[in-house]
Structure formats: structure tokens, C-alpha cells
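Structure data follow from coords21.txt (compact mmCIF, C-alpha atoms):
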```
# COMPACT_ATOMS: atom_id res chain seq x y z
CA MET S 1 43.81 -27.04 -67.18
CA ARG S 2 46.66 -25.69 -65.12
CA VAL S 3 44.18 -23.42 -63.21
CA SER S 4 41.92 -26.40 -62.36
CA LEU S 5 44.87 -28.46 -61.16
CA LEU S 6 46.06 -25.57 -58.98
CA ALA S 7 42.60 -25.10 -57.40
CA TRP S 8 42.34 -28.83 -56.69
CA SER S 9 45.76 -28.82 -55.01
CA ILE S 10 44.79 -25.87 -52.78
CA ALA S 11 41.51 -27.56 -51.73
CA VAL S 12 43.33 -30.78 -50.83
CA PHE S 13 45.85 -28.77 -48.76
CA VAL S 14 43.11 -26.88 -46.85
CA VAL S 15 41.10 -30.05 -46.09
CA GLY S 16 44.28 -31.80 -44.94
CA ALA S 17 45.20 -28.90 -42.68
CA GLN S 18 41.69 -28.84 -41.13
CA ALA S 19 41.79 -32.57 -40.55
CA GLN S 20 45.06 -32.20 -38.65
CA THR S 21 43.52 -29.54 -36.29
CA ILE S 22 40.29 -31.45 -35.43
CA THR S 23 40.38 -32.63 -31.80
CA PRO S 24 38.89 -36.09 -31.28
CA LEU S 25 35.72 -36.22 -29.12
CA PRO S 26 35.96 -37.83 -25.67
CA ALA S 27 34.05 -41.02 -24.96
CA ASN S 28 30.26 -40.61 -24.57
CA ALA S 29 30.29 -37.17 -26.24
CA VAL S 30 28.79 -35.73 -29.41
CA ALA S 31 29.52 -32.60 -31.39
CA SER S 32 27.70 -29.58 -30.03
CA ARG S 33 24.52 -28.51 -31.77
CA TYR S 34 25.44 -24.89 -31.11
CA GLY S 35 28.65 -23.80 -32.84
CA GLU S 36 31.96 -25.51 -32.15
CA GLY S 37 32.82 -27.89 -29.32
CA TRP S 38 31.07 -30.92 -27.89
CA GLN S 39 28.58 -32.00 -25.26
CA CYS S 40 27.96 -35.15 -23.30
CA GLN S 41 25.43 -37.72 -24.38
CA ARG S 42 22.19 -38.16 -22.43
CA GLY S 43 22.86 -39.83 -19.08
CA HIS S 44 26.34 -38.36 -18.76
CA GLU S 45 27.72 -35.24 -17.10
CA ARG S 46 30.75 -33.19 -18.07
CA VAL S 47 33.63 -33.13 -15.59
CA ASP S 48 36.55 -31.13 -17.02
CA LYS S 49 37.12 -32.79 -20.42
CA VAL S 50 35.47 -36.13 -19.64
CA CYS S 51 31.87 -37.37 -19.82
CA ASN S 52 31.10 -39.47 -16.74
CA PRO S 53 27.96 -41.61 -16.39
CA ILE S 54 25.33 -40.07 -14.10
CA GLN S 55 24.81 -42.27 -11.07
CA VAL S 56 21.02 -42.48 -10.70
CA PRO S 57 20.10 -43.67 -7.18
CA GLU S 58 17.25 -46.00 -6.29
CA HIS S 59 13.74 -44.49 -6.68
CA ALA S 60 15.05 -41.87 -9.13
CA PHE S 61 15.12 -41.28 -12.89
CA LEU S 62 16.88 -39.07 -15.42
CA ASN S 63 15.22 -35.70 -15.91
CA PHE S 64 13.92 -34.41 -19.25
CA SER S 65 17.28 -32.98 -20.32
CA GLY S 66 19.15 -36.13 -19.34
CA GLU S 67 21.78 -34.03 -17.54
CA SER S 68 20.64 -34.84 -14.00
CA TRP S 69 18.15 -36.94 -12.03
CA GLN S 70 15.11 -36.44 -9.87
CA CYS S 71 13.19 -38.55 -7.40
CA GLN S 72 10.09 -40.56 -8.16
CA ARG S 73 6.67 -39.59 -6.82
CA ASN S 74 6.43 -39.77 -3.00
CA PHE S 75 10.22 -39.57 -2.65
CA VAL S 76 12.37 -36.49 -1.98
CA ARG S 77 16.04 -35.81 -2.59
CA LYS S 78 18.35 -35.87 0.40
CA GLY S 79 21.96 -35.48 -0.72
CA GLN S 80 22.56 -38.12 -3.37
CA ALA S 81 19.66 -40.37 -2.39
CA CYS S 82 15.86 -40.46 -2.62
CA VAL S 83 14.08 -41.06 0.68
CA PRO S 84 10.35 -41.76 1.19
CA VAL S 85 8.10 -38.81 2.02
CA ARG S 86 6.83 -39.03 5.61
CA VAL S 87 3.51 -37.16 5.70
CA PRO S 88 2.53 -36.15 9.26
CA ALA S 89 -1.04 -35.92 10.54
CA GLY S 90 -2.87 -32.88 9.19
CA ALA S 91 -0.74 -32.75 6.02
CA TYR S 92 -0.72 -33.96 2.42
CA ALA S 93 1.98 -34.91 -0.11
CA ASP S 94 2.63 -32.01 -2.50
CA ASP S 95 4.55 -34.03 -5.13
CA THR S 96 7.57 -31.70 -5.08
CA PRO S 97 10.96 -33.40 -5.61
CA TYR S 98 12.66 -31.13 -3.05
CA GLY S 99 11.97 -29.96 0.49
CA ASP S 100 10.00 -32.27 2.77
CA GLY S 101 7.54 -33.32 0.07
CA TRP S 102 4.44 -32.32 2.07
CA ARG S 103 2.39 -29.34 3.18
CA CYS S 104 -0.03 -28.79 6.02
CA ASP S 105 -3.77 -28.93 5.35
CA ARG S 106 -5.80 -25.74 5.50
CA GLY S 107 -6.28 -24.80 9.14
CA TYR S 108 -2.89 -26.24 10.15
CA GLN S 109 0.61 -24.75 10.33
CA GLU S 110 4.03 -26.41 10.33
CA ARG S 111 5.81 -26.47 13.68
CA ASP S 112 9.04 -28.47 14.12
CA GLY S 113 8.17 -31.02 11.46
CA ALA S 114 4.54 -31.43 12.53
CA CYS S 115 1.22 -29.81 11.54
CA MET S 116 -0.48 -28.00 14.42
CA LYS S 117 -4.14 -26.95 14.21
CA VAL S 118 -4.66 -23.17 14.10
CA ALA S 119 -6.74 -21.95 17.04
CA VAL S 120 -9.14 -19.39 15.52
CA PRO S 121 -10.81 -17.12 18.11
CA SER S 122 -14.38 -15.82 17.92
CA ASN S 123 -15.02 -13.14 15.27
CA ALA S 124 -11.93 -14.23 13.27
CA TYR S 125 -11.29 -16.23 10.10
CA LEU S 126 -8.53 -18.43 8.68
CA VAL S 127 -5.96 -16.99 6.28
CA SER S 128 -3.80 -18.93 3.83
CA SER S 129 -0.43 -18.22 5.41
CA VAL S 130 2.26 -20.64 6.54
CA TYR S 131 3.63 -17.99 8.89
CA GLY S 132 2.19 -15.77 11.59
CA ARG S 133 -1.02 -16.45 13.49
CA GLY S 134 -2.93 -18.05 10.63
CA TRP S 135 -6.03 -15.90 11.30
CA GLU S 136 -7.30 -12.34 11.06
CA CYS S 137 -10.12 -10.54 12.82
CA GLY S 138 -13.36 -9.93 10.96
CA ARG S 139 -14.49 -6.46 9.92
CA GLY S 140 -15.50 -4.38 12.94
CA PHE S 141 -13.07 -6.17 15.23
CA ARG S 142 -9.39 -5.65 16.11
CA ARG S 143 -6.76 -8.01 17.45
CA GLN S 144 -5.95 -7.87 21.14
CA ASP S 145 -3.43 -10.56 22.11
CA THR S 146 -5.11 -13.80 20.99
CA LYS S 147 -8.66 -12.40 20.83
CA CYS S 148 -10.75 -10.22 18.51
CA VAL S 149 -12.50 -7.37 20.33
CA ALA S 150 -15.18 -5.12 18.86
CA VAL S 151 -14.16 -1.70 17.55
CA GLU S 152 -16.06 0.98 19.47
CA VAL S 153 -17.10 3.50 16.80
CA PRO S 154 -18.13 6.84 18.38
CA THR S 155 -20.89 9.15 17.16
CA HIS S 156 -20.05 10.98 13.88
CA ALA S 157 -17.42 8.34 12.99
CA TYR S 158 -17.19 5.41 10.57
CA LEU S 159 -15.09 2.25 10.13
CA ARG S 160 -12.00 2.57 7.95
CA ASP S 161 -11.56 0.29 4.94
CA SER S 162 -9.25 -1.89 7.05
CA GLY S 163 -12.23 -2.61 9.31
CA ASP S 164 -10.18 -2.52 12.52
CA SER S 165 -10.23 1.23 13.33
CA TRP S 166 -12.32 4.36 12.74
CA ASP S 167 -12.16 7.91 11.40
CA CYS S 168 -14.31 10.94 12.12
CA GLU S 169 -16.82 12.14 9.55
CA ARG S 170 -15.98 15.25 7.51
CA GLY S 171 -16.38 18.34 9.65
CA TYR S 172 -15.41 16.50 12.84
CA ALA S 173 -12.03 15.98 14.52
CA SER S 174 -10.79 13.16 16.75
CA VAL S 175 -10.43 14.24 20.38
CA ALA S 176 -9.52 11.45 22.80
CA GLU S 177 -11.89 8.63 21.79
CA ARG S 178 -14.69 10.81 20.38
CA CYS S 179 -15.43 13.05 17.38
CA GLU S 180 -16.04 16.75 18.02
CA LYS S 181 -17.37 19.24 15.48
CA VAL S 182 -14.70 21.51 13.96
CA ALA S 183 -15.23 25.11 15.10
CA ILE S 184 -14.44 27.29 12.08
CA PRO S 185 -13.68 30.96 12.90
CA PRO S 186 -14.82 33.89 10.73
CA ASN S 187 -12.86 34.17 7.46
CA GLY S 188 -11.93 30.49 7.72
CA TYR S 189 -13.05 27.31 5.93
CA LEU S 190 -12.88 23.52 6.36
CA ASN S 191 -9.58 22.03 5.16
CA SER S 192 -9.32 19.37 2.46
CA ARG S 193 -9.16 16.52 4.98
CA GLY S 194 -12.28 17.77 6.69
CA ASN S 195 -10.82 17.55 10.20
CA GLY S 196 -9.60 21.14 10.67
CA TRP S 197 -9.72 24.63 9.20
CA GLU S 198 -7.63 27.11 7.23
CA CYS S 199 -7.82 30.85 6.73
CA GLU S 200 -9.14 32.43 3.56
CA ARG S 201 -6.80 34.29 1.21
CA GLY S 202 -5.63 37.55 2.78
CA TYR S 203 -5.85 36.18 6.32
CA ARG S 204 -3.48 34.23 8.56
CA GLU S 205 -3.98 32.00 11.60
CA ALA S 206 -3.34 33.78 14.92
CA ASP S 207 -4.48 32.60 18.36
CA GLY S 208 -7.16 30.29 16.98
CA ARG S 209 -8.69 32.87 14.64
CA CYS S 210 -8.13 34.31 11.15
CA ALA S 211 -6.49 37.73 11.37
CA PRO S 212 -6.11 40.05 8.33
CA LEU S 213 -2.63 40.22 6.81
CA ASN S 214 -2.52 44.02 6.45
CA PRO S 215 0.50 44.01 4.10
CA PRO S 216 2.58 47.22 4.15
CA ALA S 217 3.04 49.60 1.24
CA HIS S 218 4.72 48.06 -1.83
CA ALA S 219 3.73 44.52 -0.69
CA LEU S 220 1.30 41.95 -2.01
CA VAL S 221 -0.25 38.67 -0.87
CA ASP S 222 1.94 35.71 -1.88
CA ASP S 223 0.87 32.49 -3.60
CA SER S 224 -0.08 30.79 -0.32
CA GLY S 225 -2.65 33.48 0.34
CA ASN S 226 -1.71 33.59 4.03
CA ALA S 227 1.46 35.72 3.93
CA TRP S 228 2.85 38.68 1.99
CA ARG S 229 5.96 39.52 0.01
CA CYS S 230 7.52 42.70 -1.29
CA ALA S 231 6.90 43.79 -4.85
CA ASP S 232 9.70 43.73 -7.41
CA GLY S 233 12.29 46.41 -6.70
CA PHE S 234 11.66 46.25 -2.95
CA ARG S 235 13.01 44.06 -0.16
CA LYS S 236 11.67 43.15 3.25
CA ARG S 237 13.06 44.92 6.31
CA ASP S 238 11.26 44.09 9.57
CA GLU S 239 7.57 44.54 8.63
CA LEU S 240 8.17 47.05 5.82
CA CYS S 241 9.10 46.94 2.13
CA VAL S 242 12.01 49.29 1.36
CA ILE S 243 13.35 50.16 -2.05
CA GLU S 244 16.41 48.23 -3.17
CA ARG S 245 19.59 50.27 -3.61
```
Encoded form using C-alpha cells:
Amino acid sequence: MRVSLLAWSIAVFVVGAQAQTITPLPANAVASRYGEGWQCQRGHERVDKVCNPIQVPEHAFLNFSGESWQCQRNFVRKGQACVPVRVPAGAYADDTPYGDGWRCDRGYQERDGACMKVAVPSNAYLVSSVYGRGWECGRGFRRQDTKCVAVEVPTHAYLRDSGDSWDCERGYASVAERCEKVAIPPNGYLNSRGNGWECERGYREADGRCAPLNPPAHALVDDSGNAWRCADGFRKRDELCVIER
């Protein structure tokens, strides 16, 4: 009996102490749903330790969270007010609550608050870009100022993937504005790009030909195949391999 009375006295003391430390909620506030503290009711905003009513201007409404406001359809926010969207010719309302509330139609671009028609030259097409020219040249043409001129593809050449320039076929090299056949010397072969040549292993390029390496005694062809190095235990001196001391 004494134990039960003691436990009851302790519980009353703890509850009383907690009650004394609870801070009263400010007006228009509720206890927080996440841990301790409080938050403002819908339609109010927290300023320091006070919940002030949100001033919703004309043509506006509280947003989903109730912590701010946004403009009605066909109105945009300017400062603390909602003003009507003014859609210029060649544009349409985009229903966004910020910005100007409109965008230019396809084929038009914004210039100083107006929508100007994009002038597309011959052999070009419109692109969906609010910046730049608003057009690109078709395949086989390249831009020159405000026009699209044909790409002159020489013999033994082909259009690149970009469509506005060309490359020589494999086995040919670009010289000026034409493609000339690659002249491969003896002991040489076409390189990986197909526009030049390299020497076979054991040869090196010299004066437009492939000359033999002729490594000295105690030397061997290196990994490149076009130069030599001294064997282990020897070091290079001029064009010889001398024993290390």
C-alpha cells in the first residue's frame, strides 16, 4: 500500500512539472505534427513567434499547402498583386503563375515583349528554340550569314553526319578543297584513320619514305615498332649500345 501511494505521488509530481514547462501556443497555431513545437494554421504565415493572416490579393487563392497564394488562371504575379496576362499577337497563354504568362507560337520568337515571325531561308527548317536564329540548314547545306548554301562535295568524299561538311573516303586525304589518293611508300601501310600512312614494324619515316631502323648491336626494336632501345644491361650512347658500368 505504501509502495502504491509513493508511485502515485511521483506520477502526480512529474505531470505537474511537465504542465508547468508547457509553453502556450500563439493564436492561429496548432501543435506540430512532426515532433515538438507548433505550426501556423492554414491561411496563416509564421513571422517570428506569431501567426499572421496571409493577405490574398484580388484574383488569387491560397495554394495547396495553405502557406502562400497564387494567381488565378490568366493572371500572373507581380509583386504582391495579380495582374491580367496580356497575350501579344503570335503568342498563347501558357497558364503559368509566374513570368509573363505567355509564350510565342511556333515560328515566332520573343523580342522586347512581342512575338516576331522567324524568317526561314530556302533549304532551312524551323527549330524549337526561343534563342538564336530559330532555324537550321537542311542536310547538304551550310549556313552562310542568313542563307543556306549547298555543300560542294568533291570526288571521293562524302557528307559528314552533321550534313554541313564533308570528309574524304578511306585511302584519300584532303588537299585544299579536293580529295587526293594517299601515296603509300614501300614498307608502309594505311593508317587507322585512312587519310595517311605509317611505317611497318622495323622501319621509320624519313623524307617521305620508310627507312629500315638498322639497330646497333645489343639493341632491339621497341614497342612502337618504329624505334629501337638498348637491351637490359646496356645504355644508349649516340647511336650505340654500351655496357653499363
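Here atom CA of S:Arg142 is placed at a distance of 16.5 Å from atom CA of S:Ala119.
In this structure, atom CA of S:Arg103 sits 5.4 Å away from atom CA of S:Ala91.
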**Study point:** Contact residues around S:Thr146 with all atoms listed in the file at 9 Å, ignoring same-chain residues under 2 positions, as a count of residues only
**Key:** 6
**Study point:** Computed interatomic separation between atom CA of S:Gly225 and atom CA of S:Asn195 (Å)
**Key:**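 Pair atom CA of S:Gly225 / atom CA of S:Asn195 returns 20.4 Å.
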Practice item. Just the residues within 7 Å of S:Leu126, please, counting all atoms listed in the file, with nothing from its chain fewer than 4 positions along; format it as a VMD selection string. Key: chain S and resid 107 120 134 to 136
Review point. Which is closest to S:Glu67 among S:Asn52, S:Ser192, S:Asn226, S:Thr96, if we use all atoms listed in the file?
Key: S:Asn52
I'd like the neighbourhood of S:Pro53 as a PDB file with C-alpha atoms, in the frame of the given file, where a residue qualifies if any of its atoms comes within 8 Å (using all atoms listed in the file), though same-chain residues fewer than 2 positions away should be ignored.
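Output (part35.pdb):
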```
ATOM      1  CA  GLY S  43      22.860 -39.830 -19.080  1.00  0.00           C
ATOM      2  CA  HIS S  44      26.340 -38.360 -18.760  1.00  0.00           C
ATOM      3  CA  GLU S  45      27.720 -35.240 -17.100  1.00  0.00           C
ATOM      4  CA  CYS S  51      31.870 -37.370 -19.820  1.00  0.00           C
ATOM      5  CA  GLN S  55      24.810 -42.270 -11.070  1.00  0.00           C
TER       6      GLN S  55
END
```
**Study point:** Polymer residues at most 8 Å from stretch 169-186 of chain S, only C-alpha atoms, same-chain spacing of 2 or more positions, as a list in words
**Key:** Pro154, Thr155, His156, Ala157, Tyr158, Asp167, Gly188, Tyr189, Leu190, Arg193, Gly194, Asn195, Gly196, Trp197, Gly208, Arg209 and Cys210 of chain S
